[in-house]
Amino acid sequence: KQLHDLSSMYRRTCSVLPHWSVAFISSNGSSLCKSRCVGSMARRFVPPGARKRPLEIHSVVETYRFLTTNSDDIASDDFQLQQQEKQKESFLVRISDSLSGDILPQVLNDAEGPRYVEKTPVIVFLLAVSGGCDSVALFHSLLDILSNNQSSDGKMNFIVDSCPFPCEMHVAHFDHQQRGPESDGDRLFVKNLCDKAGVPFHCFFWEGNEKIDDHKPFSQEIARDWRRSNLQDLLTTLTSSSPYGLHTNERLGLVLTAHHRDDAEETILLKILRGAHITNISGMNKVAYMEQEKSQTKTTFAKPMLSVRKMDIVNYLKSKGFIWREDASNSSNKYLRNRVRNELMPLLRDIVGGDIILQVCDLPLRCHCVYS
């Protein structure tokens with residue numbers, strides 16, 4: 001019963017002191033035994049200098065109070081540095097696992113698998129990078145993962161089921177030309193990232209684009225359709241040939257976007273607010289297919305960061321010393337999604353007492369096709 005009470009107390013303690021999960025006070029109350037959660041709430045560590053005997057839980061309430069009032073003294077600088085290193089590794093591992101364990105096996109299985117039996121396809125990653133926090137984290141994390149798997153000739157590879165697949169990485173940026181010098185700054189920032197990393201950069205401009213109806217005013221929906229259409233056309237071009245002469249194998253392409261777990265929760269809340277049927281109330285899928293209007297071919301859109309939160313993304317970028325651009329329009333409540341993100345989400349976190357508002361990313365991987 002005491003362990004059960006402690007586990008309940010632990011959930012409330014996490015928001016104050018996330019590094020420690022279990023704490024015991026010895027029977028005389030003179031020393032504190034701290035242990036990280038290693039799969040069992042009943043695992044006990046003996047404090048330094050104490051005899052190897054079972055420890056008694058002196059007081060769950062006193063332990064909780066001790067943790068919440070002395071959290072700054074408990075976590076040492078060395079431990080914090082270790083945690084930062086583990087967070088960086090954990091972030092990259094989760095992105096890599098999402099691609100190699102969920103997304104790429106699904107895509108390879110659906111892309112007429114038999115034709116790839118004799119020839120390993122080249123995987124073309126097309127990243128949509130705006131310059132903001134999320135897309136910059138996706139850019140750096142994928143670049144790190146691919147760079148760590150380079151072949152002897154310097155070409156990038158991605159490992160799926162112990163099999164190396166040659167890869168290409170491209171970046172697409174969309175200049176909506178709605179924010180004046182800020183839009184120019186975003187474009188130049190992303191271009192500079194790509195130039196330093198040697199990644200091909202593709203830019204699309206809102207004004208003068210043949211896909212835009214000049215008679216319609218700018219809106220989020222029209223802009224989203226414009227981005228998707230250009231991404232589809234660009235990926236088709238990149239996979240139909242090898243313009244850079246890197247590989248001669250068949251080419252399999254997918255568009256990567258930087259949607260994360262918080263975005264998936266916002267999507268569910270928006271559907272509820274708009275009155276969606278209960279069968280349609282779901283978050284985001286890691287893999288989705290969209291058909292092109294002209295060619296009737298399917299384009300693969302994937303979201304490898306659905307298992308991470310915004311806080312994880314920010315911590316990763318800060319720990320690596322990476323910078324990003326802030327879009328001032330994200331703090332405006334002009335759009336409904338921004339109001340949900342800026343007002344409703346913080347309120348729900350306060351009500352539930354933690355970051356987990358909805359369990360949306362622990363569901364099995366699902367895949368659907370969105371028809372034009």
# chains A, B, ... in the order shown; residues from 1 in each chain; ligands from 1
$ residues_around --residues "A:Met305" --least-positions-apart "5" --cutoff "8 Å" --atoms "only C-alpha atoms" --output "list in words"
Arg94, Ile95, Ser98, Leu138, Ala258, His259, His260 and Arg261 of chain A
$ closest_residue --among "A:Lys303, A:Arg228, A:Arg274, A:Arg325" --to "A:Glu182" --atoms "only C-alpha atoms"
A:Arg325
$ select_by_dssp --residues "stretch 76-207 of chain A" --states "strand (DSSP E or B)" --output "list of chain:residue names"
A:Val122, A:Ile123, A:Val124, A:Phe125, A:Leu126, A:Leu127, A:Ala128, A:Asn157, A:Phe158, A:Ile159, A:Val160, A:Cys163, A:Pro164, A:Phe165, A:Pro166, A:Cys167, A:Glu168, A:Met169, A:His170, A:Val171, A:Ala172, A:His173, A:Phe174, A:Asp175, A:Phe201, A:His202, A:Cys203, A:Phe204, A:Phe205
$ closest_residue --among "A:Lys271, A:Arg251, A:Arg339, A:His277" --to "A:Thr120" --atoms "only C-alpha atoms"
A:Arg251
$ closest_residue --among "A:Val314, A:Cys167, A:Ile123, A:Leu238" --to "A:Val107" --atoms "only C-alpha atoms"
A:Ile123
$ atom_distance --atom1 "atom CA of A:Met169" --atom2 "atom CA of A:Pro181"
27.8 Å
$ atom_distance --atom1 "atom CA of A:Val190" --atom2 "atom CA of A:Ala128"
10.4 Å
$ atom_distance --atom1 "atom CA of A:Ala172" --atom2 "atom CA of A:His202"
4.7 Å
$ select_by_dssp --residues "stretch 148-212 of chain A" --states "alpha helix (DSSP H)" --output "PyMOL selection string"
chain A and resi 181-197
$ residues_around --residues "A:Asp175" --least-positions-apart "5" --cutoff "7 Å" --atoms "only C-alpha atoms" --output "VMD selection string"
chain A and resid 183 187 204 to 206
$ write_last_selection --atoms "C-alpha atoms" --output "JSON list (two decimals), in the first residue's frame"
[["chain", "number", "residue", "atom", "x", "y", "z"],
["A", 183, "SER", "CA", 9.95, 36.03, -44.58],
["A", 187, "ARG", "CA", 14.43, 31.88, -46.38],
["A", 204, "PHE", "CA", 8.98, 28.22, -53.66],
["A", 205, "PHE", "CA", 7.53, 31.74, -53.67],
["A", 206, "TRP", "CA", 3.88, 32.61, -53.13]]
